[in-house]
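A.B. asks: One file: upload.cif (mmCIF, C-alpha atoms).
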data_final
#
loop_
_atom_site.label_atom_id
_atom_site.label_comp_id
_atom_site.auth_asym_id
_atom_site.auth_seq_id
_atom_site.Cartn_x
_atom_site.Cartn_y
_atom_site.Cartn_z
CA MET J 1 192.76 227.56 199.18
CA THR J 2 195.33 225.44 197.39
CA ILE J 3 194.33 222.64 195.09
CA ALA J 4 195.41 220.02 197.63
CA ASN J 5 193.15 221.48 200.30
CA VAL J 6 190.17 221.61 197.95
CA LEU J 7 190.76 218.00 196.88
CA THR J 8 191.11 216.86 200.50
CA VAL J 9 187.89 218.53 201.60
CA ALA J 10 185.99 217.24 198.56
CA LEU J 11 187.15 213.65 199.00
CA LEU J 12 186.48 213.67 202.74
CA VAL J 13 182.95 214.98 202.17
CA ILE J 14 182.34 212.26 199.57
CA GLY J 15 183.70 209.65 201.99
CA CYS J 16 181.46 210.85 204.81
CA PHE J 17 178.48 210.80 202.46
CA PHE J 18 179.12 207.15 201.64
CA PHE J 19 179.50 206.35 205.33
CA LEU J 20 176.19 208.06 205.98
CA THR J 21 174.31 206.17 203.28
CA GLY J 22 175.85 202.89 204.39
CA THR J 23 174.77 203.45 207.98
CA ILE J 24 171.26 204.48 206.98
CA GLY J 25 171.05 201.29 204.94
CA LEU J 26 172.29 199.23 207.87
CA VAL J 27 169.57 200.59 210.11
CA ARG J 28 166.62 200.79 207.75
CA PHE J 29 166.78 197.82 205.42
CA PRO J 30 164.36 195.00 206.23
CA ASP J 31 166.59 192.01 205.65
CA PHE J 32 170.04 190.72 206.56
CA TYR J 33 171.24 190.36 202.98
CA ALA J 34 170.17 193.89 202.08
CA ARG J 35 172.03 195.22 205.11
CA MET J 36 175.15 193.38 204.01
CA HIS J 37 174.86 195.05 200.61
CA ALA J 38 174.71 198.47 202.20
CA THR J 39 177.53 197.95 204.64
CA GLY J 40 179.94 195.94 202.55
CA LYS J 41 179.94 198.14 199.50
CA SER J 42 179.63 201.70 200.71
CA ASP J 43 181.84 201.30 203.77
CA THR J 44 184.70 199.99 201.66
CA LEU J 45 184.47 202.81 199.14
CA ALA J 46 184.16 205.39 201.91
CA VAL J 47 187.34 204.13 203.60
CA PHE J 48 189.17 204.31 200.29
CA CYS J 49 188.02 207.89 199.61
CA CYS J 50 188.83 209.11 203.11
CA LEU J 51 192.31 207.58 203.16
CA LEU J 52 193.03 208.96 199.69
CA ALA J 53 192.01 212.41 200.91
CA LEU J 54 194.31 212.21 203.92
CA ALA J 55 197.19 210.95 201.78
CA ILE J 56 196.77 213.93 199.43
CA HIS J 57 196.66 216.27 202.43
CA HIS J 58 199.92 214.90 203.82
CA GLY J 59 201.79 215.36 200.57
CA LEU J 60 204.44 213.12 199.07
CA ALA J 61 205.93 211.28 202.04
CA LEU J 62 206.37 207.81 203.45
CA ASP J 63 203.25 208.13 205.59
CA SER J 64 201.09 208.79 202.53
CA PHE J 65 202.33 205.53 201.03
CA LYS J 66 201.44 203.72 204.26
CA LEU J 67 197.94 205.22 204.15
CA LEU J 68 197.50 203.96 200.60
CA LEU J 69 198.69 200.54 201.76
CA ILE J 70 195.97 200.45 204.41
CA ALA J 71 193.46 201.53 201.76
CA VAL J 72 194.46 198.69 199.43
CA PHE J 73 194.28 196.17 202.27
CA VAL J 74 190.80 197.28 203.32
CA TYR J 75 189.73 197.35 199.67
CA VAL J 76 190.56 193.66 199.30
CA ALA J 77 189.77 192.37 202.77
CA ASN J 78 186.38 193.97 203.43
CA PRO J 79 184.55 192.36 200.48
CA THR J 80 186.11 189.02 201.36
CA GLY J 81 184.77 189.25 204.88
CA THR J 82 181.37 190.27 203.52
CA HIS J 83 181.33 187.28 201.18
CA ALA J 84 182.33 184.88 203.95
CA ILE J 85 179.60 186.12 206.31
CA CYS J 86 176.90 186.06 203.61
CA ARG J 87 177.79 182.55 202.59
CA ALA J 88 177.85 181.39 206.21
CA ALA J 89 174.41 182.91 206.78
CA PHE J 90 173.04 181.26 203.66
CA ARG J 91 174.40 177.88 204.72
CA ALA J 92 173.02 178.31 208.23
CA GLY J 93 169.56 178.98 206.89
CA VAL J 94 168.86 182.71 207.13
CA LYS J 95 165.95 183.29 204.78
CA PRO J 96 165.70 186.31 202.47
CA TRP J 97 162.86 188.75 202.99
CA THR J 98 160.00 188.63 200.53
CA ARG J 99 157.04 190.89 200.45
CA LYS J 100 154.65 188.12 201.45
CA THR J 101 156.47 187.34 204.70
CA ASN J 102 156.41 191.00 205.74
CA LYS J 103 154.24 191.32 208.85
CA MET U 1 191.75 222.26 208.26
CA HIS U 2 192.06 221.37 211.92
CA ALA U 3 188.44 222.27 212.57
CA PHE U 4 187.32 220.35 209.51
CA PHE U 5 189.08 217.18 210.69
CA LEU U 6 187.53 217.62 214.13
CA GLY U 7 184.08 217.99 212.58
CA THR U 8 184.56 214.88 210.47
CA SER U 9 185.66 212.87 213.50
CA LEU U 10 182.60 213.97 215.46
CA PHE U 11 180.34 213.10 212.54
CA LEU U 12 181.87 209.64 212.32
CA CYS U 13 181.43 209.16 216.08
CA LEU U 14 177.76 210.00 215.58
CA LEU U 15 177.52 207.35 212.88
CA VAL U 16 179.10 204.84 215.27
CA LEU U 17 176.31 205.60 217.74
CA VAL U 18 173.75 204.98 215.01
CA CYS U 19 175.37 201.63 214.24
CA LEU U 20 175.09 200.74 217.92
CA TYR U 21 171.33 200.60 217.44
CA ARG U 22 171.78 197.64 215.17
CA VAL U 23 174.22 196.03 217.60
CA ILE U 24 171.73 196.23 220.45
CA TRP U 25 168.47 195.51 218.65
CA GLY U 26 169.61 193.34 215.78
CA PRO U 27 167.19 190.46 215.47
CA THR U 28 169.87 187.82 215.01
CA THR U 29 173.46 187.37 216.13
CA ILE U 30 174.87 187.80 212.69
CA ASP U 31 173.27 191.24 212.39
CA ARG U 32 175.16 192.27 215.46
CA MET U 33 178.42 191.01 214.00
CA VAL U 34 177.90 192.90 210.75
CA ALA U 35 177.25 196.10 212.67
CA ALA U 36 180.36 195.50 214.78
CA GLY U 37 182.39 195.19 211.58
CA ALA U 38 180.93 198.46 210.32
CA ILE U 39 181.88 200.13 213.62
CA GLY U 40 185.38 198.78 213.17
CA THR U 41 185.69 200.31 209.71
CA LYS U 42 184.60 203.71 210.99
CA THR U 43 187.00 203.45 213.91
CA LEU U 44 189.84 203.03 211.44
CA ILE U 45 189.14 206.41 209.86
CA ILE U 46 188.61 208.07 213.24
CA LEU U 47 192.04 206.80 214.36
CA VAL U 48 193.82 208.23 211.33
CA LEU U 49 192.00 211.56 211.75
CA MET U 50 193.08 211.66 215.40
CA GLY U 51 196.63 211.18 214.20
CA PHE U 52 196.31 214.24 212.01
CA LEU U 53 194.74 216.24 214.84
CA TYR U 54 197.47 215.40 217.35
CA ASP U 55 200.24 215.79 214.76
CA ARG U 56 201.65 212.29 215.38
CA ILE U 57 200.72 210.71 212.13
CA ALA U 58 203.18 207.81 211.97
CA MET U 59 202.09 206.35 215.30
CA PHE U 60 198.37 206.34 214.51
CA ILE U 61 198.88 204.87 211.07
CA ASP U 62 200.59 201.83 212.59
CA ILE U 63 197.77 201.39 215.08
CA SER U 64 195.06 201.63 212.42
CA MET U 65 196.79 199.10 210.18
CA VAL U 66 196.88 196.60 213.03
CA TYR U 67 193.22 197.24 213.70
CA ALA U 68 192.32 196.65 210.04
CA ILE U 69 194.12 193.29 210.11
CA LEU U 70 192.46 192.16 213.34
CA ASN U 71 189.02 193.26 212.13
CA PHE U 72 189.43 191.09 209.02
CA ILE U 73 190.56 188.08 211.03
CA GLY U 74 187.70 188.47 213.48
CA THR U 75 185.14 188.63 210.69
CA LEU U 76 186.45 185.47 209.05
CA ALA U 77 186.60 183.61 212.37
CA PHE U 78 183.03 184.53 213.18
CA ALA U 79 181.83 183.48 209.71
CA LYS U 80 183.38 180.04 210.16
CA TYR U 81 181.95 179.66 213.66
CA PHE U 82 178.47 180.66 212.51
CA GLU U 83 178.49 178.28 209.56
CA GLY U 84 179.11 175.33 211.83
CA ALA U 85 176.10 176.32 213.95
CA GLY U 86 178.18 177.11 216.96
CA GLU U 87 180.10 173.91 217.06
CA ILE U 88 183.83 174.11 217.55
CA MET Z 1 184.18 172.15 212.55
CA LEU Z 2 187.32 174.20 212.48
CA SER Z 3 189.17 171.10 211.44
CA ARG Z 4 187.39 170.98 208.12
CA GLU Z 5 188.86 172.78 205.17
CA SER Z 6 186.76 175.69 203.99
CA ASP Z 7 185.26 175.12 200.53
CA ASN Z 8 185.26 178.85 199.88
CA LEU Z 9 187.69 179.55 197.05
CA ILE Z 10 187.65 183.32 197.52
CA VAL Z 11 188.58 183.15 201.19
CA LYS Z 12 191.31 180.61 200.53
CA THR Z 13 192.90 182.66 197.75
CA VAL Z 14 192.78 185.96 199.62
CA VAL Z 15 194.21 184.39 202.79
CA ARG Z 16 196.97 182.75 200.80
CA ILE Z 17 197.90 186.11 199.28
CA PHE Z 18 197.70 188.11 202.50
CA VAL Z 19 199.39 185.96 205.14
CA PRO Z 20 203.00 186.79 204.11
CA PHE Z 21 202.27 190.52 204.11
CA ILE Z 22 200.68 190.32 207.54
CA GLN Z 23 203.73 188.49 208.83
CA VAL Z 24 206.12 191.07 207.37
CA TYR Z 25 204.04 193.77 209.05
CA ALA Z 26 204.26 191.89 212.34
CA LEU Z 27 208.05 191.83 212.03
CA TYR Z 28 207.96 195.59 211.38
CA VAL Z 29 205.94 196.09 214.56
CA ILE Z 30 208.46 194.01 216.57
CA ALA Z 31 211.46 195.85 215.19
CA HIS Z 32 210.01 199.35 215.73
CA GLY Z 33 208.98 198.78 219.32
CA HIS Z 34 211.25 201.44 220.69
CA TYR Z 35 209.90 204.18 218.44
CA SER Z 36 206.22 203.62 217.65
CA PRO Z 37 203.53 201.61 219.42
CA GLY Z 38 204.45 197.97 219.23
CA GLY Z 39 207.20 195.83 220.54
CA GLY Z 40 207.49 192.18 221.30
CA PHE Z 41 204.07 191.25 222.58
CA GLN Z 42 202.03 193.14 219.98
CA GLY Z 43 204.09 191.81 217.08
CA GLY Z 44 203.85 188.30 218.47
CA VAL Z 45 200.07 188.55 218.64
CA ILE Z 46 199.88 189.63 214.99
CA LEU Z 47 202.19 186.77 213.99
CA GLY Z 48 200.01 184.31 215.89
CA ALA Z 49 196.88 185.79 214.32
CA SER Z 50 198.30 185.24 210.83
CA ILE Z 51 198.81 181.54 211.58
CA VAL Z 52 195.29 181.34 213.04
CA LEU Z 53 194.08 182.81 209.74
CA LEU Z 54 195.74 179.91 207.96
CA PHE Z 55 193.99 177.48 210.29
CA LEU Z 56 190.64 179.09 209.61
CA ALA Z 57 190.95 179.01 205.85
CA TYR Z 58 192.62 175.69 205.23
CA GLY Z 59 191.41 173.47 208.05
CA ARG Z 60 193.39 172.03 210.91
CA ARG Z 61 194.79 169.01 209.13
CA GLN Z 62 196.39 170.89 206.27
CA ALA Z 63 197.63 173.83 208.33
CA MET Z 64 199.22 171.53 210.92
CA ARG Z 65 201.60 170.42 208.18
CA ARG Z 66 202.89 173.98 208.07
CA MET Z 67 202.94 174.65 211.79
CA GLY Z 68 202.43 171.52 213.80
CA GLU Z 69 202.41 170.98 217.51
CA GLY Z 70 206.07 170.04 217.69
CA LEU Z 71 207.23 173.17 215.90
CA THR Z 72 204.99 175.31 218.10
CA ALA Z 73 206.45 173.87 221.29
CA PHE Z 74 209.97 174.28 219.90
CA MET Z 75 209.39 177.95 219.08
CA ASN Z 76 207.87 178.56 222.49
CA SER Z 77 210.98 177.19 224.15
CA THR Z 78 213.25 179.09 221.75
CA GLY Z 79 211.59 182.40 222.54
CA VAL Z 80 211.89 181.93 226.29
CA PHE Z 81 215.47 180.71 225.81
CA ILE Z 82 216.45 183.86 223.92
CA TYR Z 83 214.85 186.10 226.53
CA GLY Z 84 216.29 184.30 229.53
CA GLY Z 85 219.55 183.65 227.76
CA ILE Z 86 220.25 187.33 227.17
CA GLY Z 87 219.39 188.07 230.78
CA LEU Z 88 221.66 185.31 232.00
CA LEU Z 89 224.44 186.45 229.66
CA CYS Z 90 224.31 189.90 231.24
CA LEU Z 91 224.56 188.22 234.64
CA LEU Z 92 227.55 186.15 233.57
CA LEU Z 93 229.35 189.19 232.19
CA GLY Z 94 229.28 190.97 235.50
CA GLY Z 95 226.14 193.12 235.61
CA ASN Z 96 222.68 192.60 237.05
CA LEU Z 97 220.02 190.46 235.36
CA LEU Z 98 219.00 192.07 232.05
CA ASP Z 99 221.53 194.87 232.54
CA TYR Z 100 222.43 195.24 228.88
CA ALA Z 101 225.32 197.63 229.40
CA SER Z 102 227.47 194.70 230.46
CA LEU Z 103 227.01 193.22 226.98
CA ASP Z 104 229.53 195.83 225.93
CA ARG Z 105 232.29 193.43 226.85
CA ILE Z 106 231.59 191.11 223.95
CA LEU Z 107 230.10 193.62 221.51
CA HIS Z 108 232.53 196.57 221.86
CA VAL Z 109 230.08 199.20 220.56
CA GLY Z 110 229.51 201.36 223.64
CA ALA Z 111 227.05 201.13 226.51
CA ALA Z 112 224.13 202.92 224.84
CA GLN Z 113 224.30 200.89 221.64
CA SER Z 114 224.57 197.60 223.52
CA ARG Z 115 221.47 198.52 225.55
CA SER Z 116 219.60 199.10 222.32
CA LEU Z 117 220.73 195.80 220.86
CA GLY Z 118 219.89 193.96 224.06
CA ILE Z 119 216.36 195.32 224.05
CA LEU Z 120 215.93 194.31 220.40
CA GLY Z 121 217.11 190.82 221.25
CA VAL Z 122 214.63 190.31 224.06
CA GLU Z 123 211.83 191.76 221.91
CA VAL Z 124 212.51 189.14 219.24
CA GLY Z 125 212.48 186.42 221.89
CA VAL Z 126 209.22 187.66 223.37
CA GLY Z 127 207.65 187.86 219.91
CA ILE Z 128 208.48 184.28 219.05
CA ALA Z 129 207.25 183.00 222.42
CA VAL Z 130 203.97 184.94 222.21
CA MET Z 131 203.30 183.66 218.71
CA ALA Z 132 203.73 180.07 219.81
CA ALA Z 133 201.56 180.67 222.86
CA MET Z 134 198.76 182.11 220.73
CA ILE Z 135 198.81 179.13 218.37
CA SER Z 136 198.82 176.67 221.27
CA ILE Z 137 195.88 178.38 222.96
CA PHE Z 138 193.94 178.42 219.71
CA LEU Z 139 194.59 174.73 219.06
CA ASP Z 140 193.59 173.81 222.59
CA ILE Z 141 190.36 175.81 222.68
CA SER Z 142 189.22 175.00 219.16
CA THR Z 143 189.49 171.26 219.57
CA GLY Z 144 187.84 171.27 222.99
CA GLY Z 145 190.93 170.06 224.78
CA ASP Z 146 191.60 166.86 222.86
CA LEU Z 147 193.82 167.34 219.88
CA PRO Z 148 194.12 164.02 218.04
CA ASP Z 149 197.65 162.75 218.23
CA ASP Z 150 197.95 161.20 214.81
CA ASP Z 151 197.21 164.28 212.74
CA ASN Z 152 200.81 164.99 211.82
CA ASP Z 153 201.94 162.69 209.07
#
Would you write the structure of this file as structure tokens?
C.D. replies:
Amino acid sequence: MTIANVLTVALLVIGCFFFLTGTIGLVRFPDFYARMHATGKSDTLAVFCCLLALAIHHGLALDSFKLLLIAVFVYVANPTGTHAICRAAFRAGVKPWTRKTNK
Amino acid sequence: MHAFFLGTSLFLCLLVLVCLYRVIWGPTTIDRMVAAGAIGTKTLIILVLMGFLYDRIAMFIDISMVYAILNFIGTLAFAKYFEGAGEI
Amino acid sequence: MLSRESDNLIVKTVVRIFVPFIQVYALYVIAHGHYSPGGGFQGGVILGASIVLLFLAYGRRQAMRRMGEGLTAFMNSTGVFIYGGIGLLCLLLGGNLLDYASLDRILHVGAAQSRSLGILGVEVGVGIAVMAAMISIFLDISTGGDLPDDDND
């Protein structure tokens, strides 16, 4: 029941919660752009929280630094990919969902 | 802690199966690609957790870093291909 | 389409920042092939993927100034030359093909250490050759088989 264990469990639970909400958004939202919101934002934060938890669990070592390096890379690269896909979809003509066009 | 990591990995595998719904029934191609990217992000965490479960952390960290890089490159390549309406 | 430069400032900036780090990581994967998953082929693929990233973000015309067709062919040949050259050197020094223990005659560090250095040498050669092969395949497929000849200026 050390402080590191408590922090690890708490951060992993928070990370899994963000993964869960992101996936529910991916499945249930009515429109492509809304799904990109859900996936791009919460997945990135969830990866950051989970990797931070595992780095705290491993202690002060070289592998913890490598885990934080992966976290920083995903933190910068995932939103860039999201932006590129959204812009490509907008240019290609994917229309946003409005309440009138529903059904 | 071992059981907790195992439970988290199984939960993330379940979420991957939920994302597969969007891969199979996504109305457009780009929906499928977004869901594939989300599966890739979850796979990254599952790989690192497997490293902690099998007690070979250094090996799995290298693998997951490579997978993060290739996921990013694949997403950018697909965005460029989609913008040009399939023309290469 | 892939020959046009992307007008997306965010993608261009992020790619410009990340490509050196990806290449350094690819060199790490090549060098640690004997200890962790990796080696020549995997590191070469990551190196090739980093150059493909440059092609995607900056367009074919501008990226070919960095890594044109001539340089790609040269690196392909260099990689195969290093790999085959080390094998042939072992043959000339009295052992079998790629029998690195016979490199001990010119290195004088012991049989085990010369085996390790020989493996590192062929991994570097394989990495360079695989990178050049990946770039060539990408250029060939993305232009539909006809790369214009007068792009390099």
A.B. asks: Counting only C-alpha atoms, collect the residues of chain U whose closest atom lies at most 8 Å from chain J, and write them out as a PyMOL selection string.
C.D. replies: chain U and resi 8+12+15+18-19+21-22+30-31+34-35+38+41-42+45+57-58+61+65+68+72+75-76+78-80+82-85
A.B. asks: Restricted to C-alpha atoms, what would the selected residues look like written as a PDB file, keeping the file's coordinate frame?
C.D. replies:
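Result file is selection01.pdb:
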ATOM      1  CA  THR U   8     184.560 214.880 210.470  1.00  0.00           C
ATOM      2  CA  LEU U  12     181.870 209.640 212.320  1.00  0.00           C
ATOM      3  CA  LEU U  15     177.520 207.350 212.880  1.00  0.00           C
ATOM      4  CA  VAL U  18     173.750 204.980 215.010  1.00  0.00           C
ATOM      5  CA  CYS U  19     175.370 201.630 214.240  1.00  0.00           C
ATOM      6  CA  TYR U  21     171.330 200.600 217.440  1.00  0.00           C
ATOM      7  CA  ARG U  22     171.780 197.640 215.170  1.00  0.00           C
ATOM      8  CA  ILE U  30     174.870 187.800 212.690  1.00  0.00           C
ATOM      9  CA  ASP U  31     173.270 191.240 212.390  1.00  0.00           C
ATOM     10  CA  VAL U  34     177.900 192.900 210.750  1.00  0.00           C
ATOM     11  CA  ALA U  35     177.250 196.100 212.670  1.00  0.00           C
ATOM     12  CA  ALA U  38     180.930 198.460 210.320  1.00  0.00           C
ATOM     13  CA  THR U  41     185.690 200.310 209.710  1.00  0.00           C
ATOM     14  CA  LYS U  42     184.600 203.710 210.990  1.00  0.00           C
ATOM     15  CA  ILE U  45     189.140 206.410 209.860  1.00  0.00           C
ATOM     16  CA  ILE U  57     200.720 210.710 212.130  1.00  0.00           C
ATOM     17  CA  ALA U  58     203.180 207.810 211.970  1.00  0.00           C
ATOM     18  CA  ILE U  61     198.880 204.870 211.070  1.00  0.00           C
ATOM     19  CA  MET U  65     196.790 199.100 210.180  1.00  0.00           C
ATOM     20  CA  ALA U  68     192.320 196.650 210.040  1.00  0.00           C
ATOM     21  CA  PHE U  72     189.430 191.090 209.020  1.00  0.00           C
ATOM     22  CA  THR U  75     185.140 188.630 210.690  1.00  0.00           C
ATOM     23  CA  LEU U  76     186.450 185.470 209.050  1.00  0.00           C
ATOM     24  CA  PHE U  78     183.030 184.530 213.180  1.00  0.00           C
ATOM     25  CA  ALA U  79     181.830 183.480 209.710  1.00  0.00           C
ATOM     26  CA  LYS U  80     183.380 180.040 210.160  1.00  0.00           C
ATOM     27  CA  PHE U  82     178.470 180.660 212.510  1.00  0.00           C
ATOM     28  CA  GLU U  83     178.490 178.280 209.560  1.00  0.00           C
ATOM     29  CA  GLY U  84     179.110 175.330 211.830  1.00  0.00           C
ATOM     30  CA  ALA U  85     176.100 176.320 213.950  1.00  0.00           C
TER      31      ALA U  85
END
A.B. asks: Sort by chain and increasing residue number a table of all residues of chain Z within 9 Å of chain J, each with its closest pair of atoms and their distance in Å to one decimal, counting all atoms listed in the file, and write it as CSV.
C.D. replies:
residue,atom,partner,partner_atom,distance
Z:Asn8,CA,J:Ala84,CA,7.8
Z:Ile10,CA,J:Thr80,CA,7.0
Z:Val11,CA,J:Thr80,CA,6.4
Z:Val14,CA,J:Thr80,CA,7.5
Z:Phe18,CA,J:Phe73,CA,8.8
A.B. asks: Starting from the PyMOL selection byres ((chain U) within 8 of (chain Z)), expand the selection into actual residues of this file and give them as a PDB file with C-alpha atoms, keeping the file's coordinate frame.
C.D. replies:
ATOM      1  CA  ALA U  58     203.180 207.810 211.970  1.00  0.00           C
ATOM      2  CA  MET U  59     202.090 206.350 215.300  1.00  0.00           C
ATOM      3  CA  ASP U  62     200.590 201.830 212.590  1.00  0.00           C
ATOM      4  CA  ILE U  63     197.770 201.390 215.080  1.00  0.00           C
ATOM      5  CA  VAL U  66     196.880 196.600 213.030  1.00  0.00           C
ATOM      6  CA  ILE U  69     194.120 193.290 210.110  1.00  0.00           C
ATOM      7  CA  LEU U  70     192.460 192.160 213.340  1.00  0.00           C
ATOM      8  CA  ILE U  73     190.560 188.080 211.030  1.00  0.00           C
ATOM      9  CA  LEU U  76     186.450 185.470 209.050  1.00  0.00           C
ATOM     10  CA  ALA U  77     186.600 183.610 212.370  1.00  0.00           C
ATOM     11  CA  LYS U  80     183.380 180.040 210.160  1.00  0.00           C
ATOM     12  CA  TYR U  81     181.950 179.660 213.660  1.00  0.00           C
ATOM     13  CA  GLY U  84     179.110 175.330 211.830  1.00  0.00           C
ATOM     14  CA  GLU U  87     180.100 173.910 217.060  1.00  0.00           C
ATOM     15  CA  ILE U  88     183.830 174.110 217.550  1.00  0.00           C
TER      16      ILE U  88
END
A.B. asks: Nearest to Phe4 of chain U: which of U:Ile39, U:Val23, U:Met50, U:Thr28 is it, counting all atoms listed in the file?
C.D. replies: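 Among the listed residues, U:Met50 lies closest to Phe4 of chain U.
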A.B. asks: Skipping near chain neighbours, those fewer than 3 positions away, what residues fall within 6 Å of segment 47-49 of chain U using all atoms listed in the file, listed as an MDAnalysis selection string?
C.D. replies: chainID U and resid 44 52 60
A.B. asks: Please define a box with edges along x, y and z of the file around all atoms of segment 10-20 of chain J given in the file, extend it by 8 Å on each side, and return its centre and edge lengths in Å to one decimal, as AutoDock Vina command-line options.
C.D. replies:
--center_x 181.7 --center_y 211.8 --center_z 202.3 --size_x 27.0 --size_y 26.9 --size_z 23.4
A.B. asks: Residues near Ala129 of chain Z, anyone? I mean within 9 Å using all atoms listed in the file, not counting same-chain ones fewer than 6 positions away, as a ChimeraX atom specification.
C.D. replies: /Z:41,44,75-80
A.B. asks: Which residue, J:Ala53, J:Lys95, J:Ala4, J:Phe65, has the smallest gap to Pro30 of chain J when you use all atoms listed in the file?
C.D. replies: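 Ranking J:Ala53, J:Lys95, J:Ala4, J:Phe65 by distance to Pro30 of chain J, first place goes to J:Lys95.
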A.B. asks: What does the distance between atom CA of Cys13 of chain U and atom CA of Ile14 of chain J come to in Å, to one decimal place?
C.D. replies: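 Between these atoms lies a distance of 16.8 Å.
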A.B. asks: Have a look at atom CA of Ile82 of chain Z and atom CA of Val19 of chain Z and let me know their distance in Å, one decimal.
C.D. replies: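 Separation of atom CA of Ile82 of chain Z and atom CA of Val19 of chain Z: 25.5 Å.
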A.B. asks: For Gly84 of chain Z, which residue out of Z:Arg115, Z:Val126, Z:Met64, Z:Gly70 is the nearest one, using only C-alpha atoms?
C.D. replies: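 Between Z:Arg115, Z:Val126, Z:Met64, Z:Gly70, the residue approaching Gly84 of chain Z most closely is Z:Val126.
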A.B. asks: To one decimal in Å, tell me the separation between atom CA of Gly48 of chain Z and atom CA of Ile128 of chain Z.
C.D. replies: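 Atom-to-atom, atom CA of Gly48 of chain Z and atom CA of Ile128 of chain Z are spaced 9.0 Å apart.
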